[in-house]
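**Student:** Structure provided below as structure tokens; questions to follow.
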Amino acid sequence: IIGESNNKIYALAVRKDDFSLKIFDAASMKQLSSKKIILPEMNDKEVEFEDVFMLNGKLYAVGSVYNSKTKIYNLVGSSLSEDGVISKKGVVLFDAEVAKKSQKGSFYFKEAPAEDKLLIMHACEFPREDAVKYELKLFDDNLKSFFAASEKVHFDDKKKDFDFLIADFDLNVNGDAFLAINESYRDSKKKEKVERFEVHAFKKANNYTKEVINIDFKDKEIINCKMMATANNMLQMVGFYSGVRESGRAEKDLKGIYNINVDLATNTVNKNKFNQFDYATKVKLIGERRAKKGKDVKPLYTITNIIEKPDGGLIVLSEYRLVIVGQSSGIGPLAFTPVTYVKNEIIVTSLNPDGSFAWGNVVPKEQAAS
């Protein structure tokens with residue numbers, strides 16, 4: 001679903017490399033039209049389709065193209081008509097410099113709650129420099145950028161068990177942008193896990209000057225993170241974490257779910273709660289025998305949705321996700337590599353307003369596509 005405007009619902013249909021714009025009547029849900037989207041070329045290079053967005057009722061198609069001579073990874077946005085026609089008057093949204101094609105990175109998108117702004121992030125790695133670069137840009141409903149920030153983060157991969165993660169990013173109703181960064185390594189001399197978990201905040205009221213919010217905790221490793229900026233100027237962060245052994249080495253399996261709440265008016269952390277999975281939930285995920293032995297859950301679950309409850313607590317949905325890449329067969333351009341995408345059971349977790357565990361359940365499901 002792309003969005004709704006003028007009593008019409010707009011949707012994107014994807015079938016392999018074909019993309020179509022489907023329009024439905026909002027009242028009856030009857031399909032009004034279905035038009036194939038034809039992607040144009042840029043500098044005689046084929047544009048790779050990224051997505052379609054609706055900003056204040058205006059449709060935009062976004063695509064990317066890589067220039068091997070300049071090592072520039074472009075992102076282009078163009079208006080899209082209801083007939084599926086992309087305007088030739090496109091706007092270059094990004095001209096990201098990258099190391100090479102295989103390390104060109106990816107573009108990530110977040111729409112504002114009012115669907116009037118689009119936050120885009122590009123992230124890529126520079127292995128020779130031991131660095132990761134991220135770039136954020138915020139666009140209005142005419143695809144004009146009014147905020148941009150970039151940083152190249154250098155890391156020391158000589159540190160034991162070093163890991164650097166751009167965990168998530170988000171945009172609130174005020175037009176403020178947020179980015180969560182997690183850096184961790186093992187200090188073998190002190191036998192401890194060192195975690196640097198930060199939120200980089202770019203607020204409109206502060207002229208988008210970067211503000212760093214530190215989140216402190218010990219003896220835990222962050223596995224993933226999903227953020228939700230709320231209407232009351234709060235930033236909710238949830239995700240899974242693992243325990244840490246006495247040697248400082250992370251166990252990697254999921255021990256439970258955490259909830260961090262940041263007051264954006266003061267940049268203070270209101271709550272920092274880590275909850276272990278309850279026994280009943282673990283039995284449904286890994287079986288009674290393993291649960292009794294105190295075994296943890298495999299790190300194959302991704303947070304998909306956060307729902308704010310009326311009392312200020314949260315409902316968190318997470319799904320089992322696994323990608324299986326098979327052995328290639330054939331030679332050269334005729335080679336074929338089977339890939340299977342597995343999406344199984346969903347964990348439903350309810351958190352109290354203080355971030356503590358309220359209840360949990362598991363929705364059984366088996367889903368696979370190759």
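Labels for the structure tokens follow display order: chains A, B, ..., residues from 1 in each chain, ligands from 1.
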At a cut-off of 10 Å, using only C-alpha atoms, what residues contact stretch 102-110 of chain A? Leave out same-chain residues fewer than 2 positions from it and give the result as a ChimeraX atom specification.
**Tutor:** /A:50-51,53,63-64,66,71-75,94,96-100,112-113,115,117-127,132-138,168-171,177
**Student:** Would you mind listing what lies within 9 Å of A:Lys193 as a PyMOL selection string, with only C-alpha atoms counted and same-chain residues fewer than 6 positions away left out?
**Tutor:** chain A and resi 184-187+218-221+244-245+247-250
**Student:** Write the residues you've just listed into a file as a compact mmCIF listing (two decimals), in the first residue's frame, and include N, CA and C atoms for each of them.
**Tutor:**
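To be explicit, this is the file written out as again_19.txt:
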# COMPACT_ATOMS: atom_id res chain seq x y z
N SER A 184 30.49 -2.40 19.41
CA SER A 184 30.84 -3.26 20.53
C SER A 184 32.11 -4.05 20.24
N TYR A 185 32.82 -4.40 21.31
CA TYR A 185 34.00 -5.25 21.20
C TYR A 185 34.27 -5.89 22.56
N ARG A 186 35.17 -6.87 22.58
CA ARG A 186 35.49 -7.58 23.83
C ARG A 186 36.87 -7.16 24.31
N ASP A 187 36.92 -6.68 25.53
CA ASP A 187 38.20 -6.35 26.17
C ASP A 187 38.69 -7.60 26.89
N LYS A 218 25.48 -2.64 30.99
CA LYS A 218 26.62 -3.54 31.10
C LYS A 218 26.18 -4.99 30.97
N ASP A 219 27.16 -5.83 30.57
CA ASP A 219 26.98 -7.29 30.53
C ASP A 219 25.86 -7.73 29.61
N LYS A 220 25.64 -6.98 28.54
CA LYS A 220 24.63 -7.35 27.54
C LYS A 220 25.13 -6.92 26.17
N GLU A 221 24.65 -7.60 25.13
CA GLU A 221 24.98 -7.20 23.76
C GLU A 221 23.68 -6.99 22.98
N VAL A 244 26.18 -12.06 28.27
CA VAL A 244 27.63 -12.03 28.13
C VAL A 244 28.25 -12.98 29.15
N ARG A 245 29.20 -13.80 28.70
CA ARG A 245 29.86 -14.75 29.60
C ARG A 245 30.87 -14.02 30.50
N SER A 247 33.95 -14.31 30.53
CA SER A 247 35.13 -13.93 29.74
C SER A 247 34.91 -12.64 28.96
N GLY A 248 33.66 -12.16 28.92
CA GLY A 248 33.35 -10.97 28.14
C GLY A 248 32.84 -11.29 26.75
N ARG A 249 32.80 -12.56 26.41
CA ARG A 249 32.32 -12.96 25.09
C ARG A 249 30.80 -13.04 25.08
N ALA A 250 30.19 -12.45 24.06
CA ALA A 250 28.73 -12.47 23.96
C ALA A 250 28.24 -13.85 23.61
**Student:** Find, counting only C-alpha atoms, the residue in A:Lys284, A:Lys365, A:Lys22, A:Arg196 that gets nearest to A:Lys8.
**Tutor:**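 Of A:Lys284, A:Lys365, A:Lys22, A:Arg196, the one nearest A:Lys8 is A:Lys22, counting only C-alpha atoms.
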**Student:** A:Thr302: which residues within 8 Å, counting only C-alpha atoms, same-chain residues fewer than 5 positions away excluded, as number ranges by chain?
**Tutor:** A: 224, 318-321
**Student:** Excluding same-chain residues fewer than 6 positions from stretch 33-48 of chain A, what lies within 10 Å of it counting only C-alpha atoms, as a PyMOL selection string?
**Tutor:** chain A and resi 10-14+17-25+61-67+74-76+80-88+90
**Student:** For the selection just defined, write its residues with C-alpha atoms to a file, as a short mmCIF file (atom, residue, chain, number, x, y, z; two decimals), in the first residue's frame.
**Tutor:**
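Now in result-v6.cif:
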data_model
loop_
_atom_site.label_atom_id
_atom_site.label_comp_id
_atom_site.auth_asym_id
_atom_site.auth_seq_id
_atom_site.Cartn_x
_atom_site.Cartn_y
_atom_site.Cartn_z
CA TYR A 10 -2.77 3.48 -4.38
CA ALA A 11 -0.78 0.26 -4.30
CA LEU A 12 2.40 -1.11 -5.84
CA ALA A 13 2.24 -4.56 -7.42
CA VAL A 14 5.56 -6.40 -7.89
CA ASP A 17 11.15 -7.26 -12.40
CA ASP A 18 7.75 -5.86 -13.36
CA PHE A 19 6.15 -3.07 -11.34
CA SER A 20 2.57 -1.85 -11.67
CA LEU A 21 0.58 0.96 -10.11
CA LYS A 22 -2.85 -0.25 -8.98
CA ILE A 23 -5.61 2.16 -7.95
CA PHE A 24 -8.69 1.16 -5.92
CA ASP A 25 -11.84 2.99 -4.88
CA ALA A 61 8.91 6.84 -8.14
CA VAL A 62 12.45 6.43 -6.80
CA GLY A 63 15.25 4.53 -8.54
CA SER A 64 19.02 4.10 -8.26
CA VAL A 65 21.86 3.85 -10.78
CA TYR A 66 25.58 3.22 -10.32
CA ASN A 67 28.29 4.90 -12.42
CA ASN A 74 22.87 8.01 -7.64
CA LEU A 75 19.33 8.02 -6.33
CA VAL A 76 16.72 9.69 -8.53
CA LEU A 80 4.52 9.37 -11.24
CA SER A 81 1.16 9.78 -12.96
CA GLU A 82 -1.88 7.57 -12.37
CA ASP A 83 -1.17 6.04 -15.78
CA GLY A 84 2.17 4.74 -14.50
CA VAL A 85 4.17 7.29 -16.51
CA ILE A 86 7.35 8.53 -14.84
CA SER A 87 8.26 12.15 -15.56
CA LYS A 88 11.48 12.73 -17.48
CA GLY A 90 13.74 13.69 -12.43
#
**Student:** If you count only C-alpha atoms, which residues fall within 12 Å of A:Val283, apart from same-chain ones fewer than 2 positions away, as a PDB file with all heavy atoms, in the first residue's frame?
**Tutor:**
ATOM      1  N   PHE A 277      13.113 -13.611  28.315  1.00  0.00           N
ATOM      2  CA  PHE A 277      11.924 -14.328  27.857  1.00  0.00           C
ATOM      3  C   PHE A 277      11.340 -15.132  29.019  1.00  0.00           C
ATOM      4  O   PHE A 277      12.086 -15.748  29.793  1.00  0.00           O
ATOM      5  CB  PHE A 277      12.272 -15.289  26.720  1.00  0.00           C
ATOM      6  CG  PHE A 277      12.522 -14.616  25.401  1.00  0.00           C
ATOM      7  CD1 PHE A 277      13.754 -14.734  24.775  1.00  0.00           C
ATOM      8  CD2 PHE A 277      11.536 -13.869  24.776  1.00  0.00           C
ATOM      9  CE1 PHE A 277      13.993 -14.128  23.556  1.00  0.00           C
ATOM     10  CE2 PHE A 277      11.768 -13.244  23.562  1.00  0.00           C
ATOM     11  CZ  PHE A 277      12.996 -13.379  22.955  1.00  0.00           C
ATOM     12  N   ASP A 278      10.027 -15.122  29.141  1.00  0.00           N
ATOM     13  CA  ASP A 278       9.403 -15.955  30.163  1.00  0.00           C
ATOM     14  C   ASP A 278       9.436 -17.410  29.719  1.00  0.00           C
ATOM     15  O   ASP A 278       9.590 -17.729  28.536  1.00  0.00           O
ATOM     16  CB  ASP A 278       7.971 -15.486  30.420  1.00  0.00           C
ATOM     17  CG  ASP A 278       7.068 -15.695  29.217  1.00  0.00           C
ATOM     18  OD1 ASP A 278       7.419 -15.186  28.136  1.00  0.00           O
ATOM     19  OD2 ASP A 278       6.029 -16.356  29.347  1.00  0.00           O
ATOM     20  N   TYR A 279       9.296 -18.296  30.672  1.00  0.00           N
ATOM     21  CA  TYR A 279       9.418 -19.737  30.417  1.00  0.00           C
ATOM     22  C   TYR A 279       8.389 -20.220  29.402  1.00  0.00           C
ATOM     23  O   TYR A 279       8.719 -21.013  28.495  1.00  0.00           O
ATOM     24  CB  TYR A 279       9.263 -20.500  31.738  1.00  0.00           C
ATOM     25  CG  TYR A 279       9.291 -22.007  31.589  1.00  0.00           C
ATOM     26  CD1 TYR A 279      10.483 -22.687  31.349  1.00  0.00           C
ATOM     27  CD2 TYR A 279       8.115 -22.740  31.668  1.00  0.00           C
ATOM     28  CE1 TYR A 279      10.502 -24.062  31.203  1.00  0.00           C
ATOM     29  CE2 TYR A 279       8.123 -24.118  31.532  1.00  0.00           C
ATOM     30  CZ  TYR A 279       9.315 -24.776  31.293  1.00  0.00           C
ATOM     31  OH  TYR A 279       9.329 -26.134  31.139  1.00  0.00           O
ATOM     32  N   ALA A 280       7.143 -19.753  29.506  1.00  0.00           N
ATOM     33  CA  ALA A 280       6.080 -20.224  28.608  1.00  0.00           C
ATOM     34  C   ALA A 280       6.389 -19.863  27.148  1.00  0.00           C
ATOM     35  O   ALA A 280       6.158 -20.673  26.243  1.00  0.00           O
ATOM     36  CB  ALA A 280       4.743 -19.608  29.023  1.00  0.00           C
ATOM     37  N   THR A 281       6.917 -18.666  26.936  1.00  0.00           N
ATOM     38  CA  THR A 281       7.262 -18.262  25.564  1.00  0.00           C
ATOM     39  C   THR A 281       8.415 -19.097  25.035  1.00  0.00           C
ATOM     40  O   THR A 281       8.409 -19.537  23.877  1.00  0.00           O
ATOM     41  CB  THR A 281       7.623 -16.762  25.523  1.00  0.00           C
ATOM     42  OG1 THR A 281       6.497 -15.994  25.958  1.00  0.00           O
ATOM     43  CG2 THR A 281       8.008 -16.339  24.119  1.00  0.00           C
ATOM     44  N   LEU A 285       8.924 -21.650  21.654  1.00  0.00           N
ATOM     45  CA  LEU A 285       9.930 -21.345  20.633  1.00  0.00           C
ATOM     46  C   LEU A 285      10.982 -22.448  20.487  1.00  0.00           C
ATOM     47  O   LEU A 285      11.390 -22.774  19.375  1.00  0.00           O
ATOM     48  CB  LEU A 285      10.620 -20.016  20.965  1.00  0.00           C
ATOM     49  CG  LEU A 285       9.742 -18.758  20.882  1.00  0.00           C
ATOM     50  CD1 LEU A 285      10.518 -17.554  21.393  1.00  0.00           C
ATOM     51  CD2 LEU A 285       9.275 -18.518  19.456  1.00  0.00           C
ATOM     52  N   ILE A 286      11.446 -23.000  21.609  1.00  0.00           N
ATOM     53  CA  ILE A 286      12.561 -23.951  21.534  1.00  0.00           C
ATOM     54  C   ILE A 286      12.243 -25.309  22.164  1.00  0.00           C
ATOM     55  O   ILE A 286      13.098 -26.203  22.166  1.00  0.00           O
ATOM     56  CB  ILE A 286      13.823 -23.370  22.201  1.00  0.00           C
ATOM     57  CG1 ILE A 286      13.579 -23.081  23.688  1.00  0.00           C
ATOM     58  CG2 ILE A 286      14.260 -22.100  21.485  1.00  0.00           C
ATOM     59  CD1 ILE A 286      14.822 -22.594  24.423  1.00  0.00           C
ATOM     60  N   GLY A 287      11.042 -25.469  22.693  1.00  0.00           N
ATOM     61  CA  GLY A 287      10.664 -26.748  23.274  1.00  0.00           C
ATOM     62  C   GLY A 287      10.899 -26.797  24.778  1.00  0.00           C
ATOM     63  O   GLY A 287      11.748 -26.083  25.327  1.00  0.00           O
ATOM     64  N   GLU A 288      10.141 -27.661  25.451  1.00  0.00           N
ATOM     65  CA  GLU A 288      10.192 -27.738  26.906  1.00  0.00           C
ATOM     66  C   GLU A 288      11.540 -28.231  27.417  1.00  0.00           C
ATOM     67  O   GLU A 288      12.078 -27.711  28.403  1.00  0.00           O
ATOM     68  CB  GLU A 288       9.075 -28.659  27.405  1.00  0.00           C
ATOM     69  CG  GLU A 288       8.969 -28.720  28.927  1.00  0.00           C
ATOM     70  CD  GLU A 288       7.800 -29.567  29.389  1.00  0.00           C
ATOM     71  OE1 GLU A 288       7.112 -30.152  28.518  1.00  0.00           O
ATOM     72  OE2 GLU A 288       7.583 -29.644  30.614  1.00  0.00           O
ATOM     73  N   ARG A 289      12.118 -29.206  26.731  1.00  0.00           N
ATOM     74  CA  ARG A 289      13.381 -29.777  27.204  1.00  0.00           C
ATOM     75  C   ARG A 289      14.497 -28.733  27.206  1.00  0.00           C
ATOM     76  O   ARG A 289      15.233 -28.590  28.184  1.00  0.00           O
ATOM     77  CB  ARG A 289      13.768 -30.978  26.323  1.00  0.00           C
ATOM     78  CG  ARG A 289      15.057 -31.681  26.770  1.00  0.00           C
ATOM     79  CD  ARG A 289      15.320 -32.899  25.917  1.00  0.00           C
ATOM     80  NE  ARG A 289      15.549 -32.534  24.535  1.00  0.00           N
ATOM     81  CZ  ARG A 289      16.736 -32.156  24.053  1.00  0.00           C
ATOM     82  NH1 ARG A 289      17.784 -32.095  24.857  1.00  0.00           N
ATOM     83  NH2 ARG A 289      16.876 -31.868  22.786  1.00  0.00           N
ATOM     84  N   ARG A 290      14.616 -27.976  26.118  1.00  0.00           N
ATOM     85  CA  ARG A 290      15.668 -26.959  26.035  1.00  0.00           C
ATOM     86  C   ARG A 290      15.371 -25.782  26.958  1.00  0.00           C
ATOM     87  O   ARG A 290      16.287 -25.180  27.526  1.00  0.00           O
ATOM     88  CB  ARG A 290      15.806 -26.469  24.587  1.00  0.00           C
ATOM     89  CG  ARG A 290      16.385 -27.533  23.650  1.00  0.00           C
ATOM     90  CD  ARG A 290      16.456 -27.023  22.217  1.00  0.00           C
ATOM     91  NE  ARG A 290      17.264 -25.826  22.103  1.00  0.00           N
ATOM     92  CZ  ARG A 290      18.590 -25.805  22.034  1.00  0.00           C
ATOM     93  NH1 ARG A 290      19.263 -26.955  22.067  1.00  0.00           N
ATOM     94  NH2 ARG A 290      19.252 -24.678  21.926  1.00  0.00           N
ATOM     95  N   ALA A 291      14.094 -25.459  27.121  1.00  0.00           N
ATOM     96  CA  ALA A 291      13.733 -24.354  28.004  1.00  0.00           C
ATOM     97  C   ALA A 291      14.087 -24.686  29.453  1.00  0.00           C
ATOM     98  O   ALA A 291      14.559 -23.822  30.204  1.00  0.00           O
ATOM     99  CB  ALA A 291      12.250 -24.042  27.875  1.00  0.00           C
ATOM    100  N   LYS A 292      13.863 -25.937  29.870  1.00  0.00           N
ATOM    101  CA  LYS A 292      14.190 -26.348  31.235  1.00  0.00           C
ATOM    102  C   LYS A 292      15.688 -26.284  31.497  1.00  0.00           C
ATOM    103  O   LYS A 292      16.122 -26.047  32.622  1.00  0.00           O
ATOM    104  CB  LYS A 292      13.675 -27.763  31.485  1.00  0.00           C
ATOM    105  CG  LYS A 292      12.172 -27.842  31.740  1.00  0.00           C
ATOM    106  CD  LYS A 292      11.753 -29.264  32.074  1.00  0.00           C
ATOM    107  CE  LYS A 292      10.267 -29.318  32.406  1.00  0.00           C
ATOM    108  NZ  LYS A 292       9.828 -30.707  32.723  1.00  0.00           N
ATOM    109  N   LYS A 293      16.479 -26.506  30.457  1.00  0.00           N
ATOM    110  CA  LYS A 293      17.935 -26.446  30.601  1.00  0.00           C
ATOM    111  C   LYS A 293      18.461 -25.015  30.568  1.00  0.00           C
ATOM    112  O   LYS A 293      19.671 -24.798  30.673  1.00  0.00           O
ATOM    113  CB  LYS A 293      18.603 -27.258  29.484  1.00  0.00           C
ATOM    114  CG  LYS A 293      18.393 -28.763  29.616  1.00  0.00           C
ATOM    115  CD  LYS A 293      19.139 -29.511  28.522  1.00  0.00           C
ATOM    116  CE  LYS A 293      18.991 -31.010  28.670  1.00  0.00           C
ATOM    117  NZ  LYS A 293      19.741 -31.757  27.614  1.00  0.00           N
ATOM    118  N   GLY A 294      17.565 -24.045  30.394  1.00  0.00           N
ATOM    119  CA  GLY A 294      17.990 -22.657  30.392  1.00  0.00           C
ATOM    120  C   GLY A 294      18.579 -22.183  29.081  1.00  0.00           C
ATOM    121  O   GLY A 294      19.281 -21.166  29.037  1.00  0.00           O
ATOM    122  N   LYS A 295      18.309 -22.923  27.997  1.00  0.00           N
ATOM    123  CA  LYS A 295      18.827 -22.532  26.691  1.00  0.00           C
ATOM    124  C   LYS A 295      18.127 -21.263  26.200  1.00  0.00           C
ATOM    125  O   LYS A 295      16.969 -20.999  26.543  1.00  0.00           O
ATOM    126  CB  LYS A 295      18.617 -23.654  25.676  1.00  0.00           C
ATOM    127  CG  LYS A 295      19.308 -24.960  26.027  1.00  0.00           C
ATOM    128  CD  LYS A 295      20.828 -24.829  25.971  1.00  0.00           C
ATOM    129  CE  LYS A 295      21.502 -26.170  26.249  1.00  0.00           C
ATOM    130  NZ  LYS A 295      22.981 -26.048  26.196  1.00  0.00           N
ATOM    131  N   ASP A 296      18.839 -20.477  25.393  1.00  0.00           N
ATOM    132  CA  ASP A 296      18.269 -19.249  24.846  1.00  0.00           C
ATOM    133  C   ASP A 296      17.773 -19.462  23.422  1.00  0.00           C
ATOM    134  O   ASP A 296      18.031 -20.500  22.799  1.00  0.00           O
ATOM    135  CB  ASP A 296      19.301 -18.118  24.878  1.00  0.00           C
ATOM    136  CG  ASP A 296      19.573 -17.636  26.299  1.00  0.00           C
ATOM    137  OD1 ASP A 296      18.645 -17.699  27.114  1.00  0.00           O
ATOM    138  OD2 ASP A 296      20.709 -17.211  26.579  1.00  0.00           O
ATOM    139  N   VAL A 297      17.087 -18.444  22.895  1.00  0.00           N
ATOM    140  CA  VAL A 297      16.467 -18.505  21.569  1.00  0.00           C
ATOM    141  C   VAL A 297      17.482 -18.103  20.512  1.00  0.00           C
ATOM    142  O   VAL A 297      18.287 -17.188  20.718  1.00  0.00           O
ATOM    143  CB  VAL A 297      15.240 -17.560  21.522  1.00  0.00           C
ATOM    144  CG1 VAL A 297      14.579 -17.585  20.153  1.00  0.00           C
ATOM    145  CG2 VAL A 297      14.240 -17.950  22.611  1.00  0.00           C
ATOM    146  N   GLY A 360       3.551 -12.506  27.072  1.00  0.00           N
ATOM    147  CA  GLY A 360       4.063 -12.864  25.753  1.00  0.00           C
ATOM    148  C   GLY A 360       3.318 -14.051  25.192  1.00  0.00           C
ATOM    149  O   GLY A 360       2.723 -14.841  25.943  1.00  0.00           O
ATOM    150  N   ASN A 361       3.352 -14.184  23.876  1.00  0.00           N
ATOM    151  CA  ASN A 361       2.720 -15.318  23.228  1.00  0.00           C
ATOM    152  C   ASN A 361       3.398 -15.541  21.881  1.00  0.00           C
ATOM    153  O   ASN A 361       4.174 -14.704  21.412  1.00  0.00           O
ATOM    154  CB  ASN A 361       1.222 -15.071  23.033  1.00  0.00           C
ATOM    155  CG  ASN A 361       0.425 -16.365  23.056  1.00  0.00           C
ATOM    156  OD1 ASN A 361       0.954 -17.435  22.757  1.00  0.00           O
ATOM    157  ND2 ASN A 361      -0.860 -16.269  23.386  1.00  0.00           N
ATOM    158  N   VAL A 362       3.091 -16.673  21.267  1.00  0.00           N
ATOM    159  CA  VAL A 362       3.680 -17.019  19.980  1.00  0.00           C
ATOM    160  C   VAL A 362       2.570 -17.401  19.014  1.00  0.00           C
ATOM    161  O   VAL A 362       1.714 -18.236  19.348  1.00  0.00           O
ATOM    162  CB  VAL A 362       4.681 -18.189  20.110  1.00  0.00           C
ATOM    163  CG1 VAL A 362       5.230 -18.576  18.737  1.00  0.00           C
ATOM    164  CG2 VAL A 362       5.826 -17.814  21.047  1.00  0.00           C
TER     165      VAL A 362
END
**Student:** Using only C-alpha atoms, which residues sit within 9 Å of stretch 236-243 of chain A once same-chain residues fewer than 5 positions away are excluded, as a compact mmCIF listing (two decimals) with C-alpha atoms, in the first residue's frame?
**Tutor:**
# COMPACT_ATOMS: atom_id res chain seq x y z
CA ASP A 219 26.98 -7.29 30.53
CA LYS A 220 24.63 -7.35 27.54
CA GLU A 221 24.98 -7.20 23.76
CA ILE A 222 22.46 -5.53 21.50
CA ILE A 223 21.34 -7.86 18.68
CA ASN A 224 18.97 -5.49 16.85
CA CYS A 225 16.93 -2.35 17.39
CA LYS A 226 13.78 -0.72 16.09
CA MET A 227 12.80 2.86 16.93
CA MET A 228 9.45 4.61 17.11
CA ALA A 229 9.20 8.36 17.61
CA THR A 230 5.91 9.13 19.38
CA ARG A 249 32.32 -12.96 25.09
CA ALA A 250 28.73 -12.47 23.96
CA GLU A 251 26.52 -15.55 23.89
CA LYS A 252 24.77 -14.31 20.69
CA ASP A 253 21.55 -16.22 21.34
CA LEU A 254 18.52 -14.13 22.33
CA LYS A 255 18.08 -13.81 26.07
CA GLY A 256 15.15 -11.40 25.90
CA ILE A 257 13.75 -8.07 24.78
CA TYR A 258 14.70 -4.57 25.91
CA ASN A 259 12.79 -1.27 25.99
CA ILE A 260 14.58 2.09 26.10
CA ASN A 261 12.67 5.36 26.29
CA VAL A 262 14.32 8.73 25.55
CA PHE A 274 15.97 -5.53 29.82
CA ASP A 296 18.27 -19.25 24.85
CA PRO A 299 19.06 -14.92 16.93
CA TYR A 301 13.95 -12.96 14.95
CA THR A 302 13.44 -9.45 13.58
CA ILE A 303 11.24 -6.74 15.12
CA ILE A 306 5.77 -1.58 17.46
CA VAL A 316 6.01 -5.66 19.97
**Student:** How far is it from atom CA of A:Val199 to atom CA of A:Ile166, in Å with one decimal?
**Tutor:**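 That distance, rounded to one decimal, is 10.1 Å.
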**Student:** Just the residues within 9 Å of stretch 339-343 of chain A, please, counting only C-alpha atoms, with nothing from its chain fewer than 4 positions along; format it as a PyMOL selection string.
**Tutor:** chain A and resi 319-326+365-370
**Student:** Name the residues of stretch 293-332 of chain A that come out as strand (DSSP E or B) in a backbone DSSP run; write them as a VMD selection string.
**Tutor:** chain A and resid 297 301 to 308 314 to 325 329
**Student:** Give the alpha helix (DSSP H) residues of stretch 140-283 of chain A, as DSSP finds them on the backbone, and put them as a list in words.
**Tutor:**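 Answer for stretch 140-283 of chain A, restricted to alpha helix (DSSP H): Tyr279, Ala280, Thr281, Lys282 and Val283 of chain A.
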**Student:** Separation of atom CA of A:Ser145 and atom CA of A:Lys204, in Å?
**Tutor:**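 These atoms are spaced 13.3 Å apart.
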**Student:** In Å, with one decimal, what is the gap from atom CA of A:Val153 to atom CA of A:Ile181?
**Tutor:**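 So the answer is 10.3 Å.
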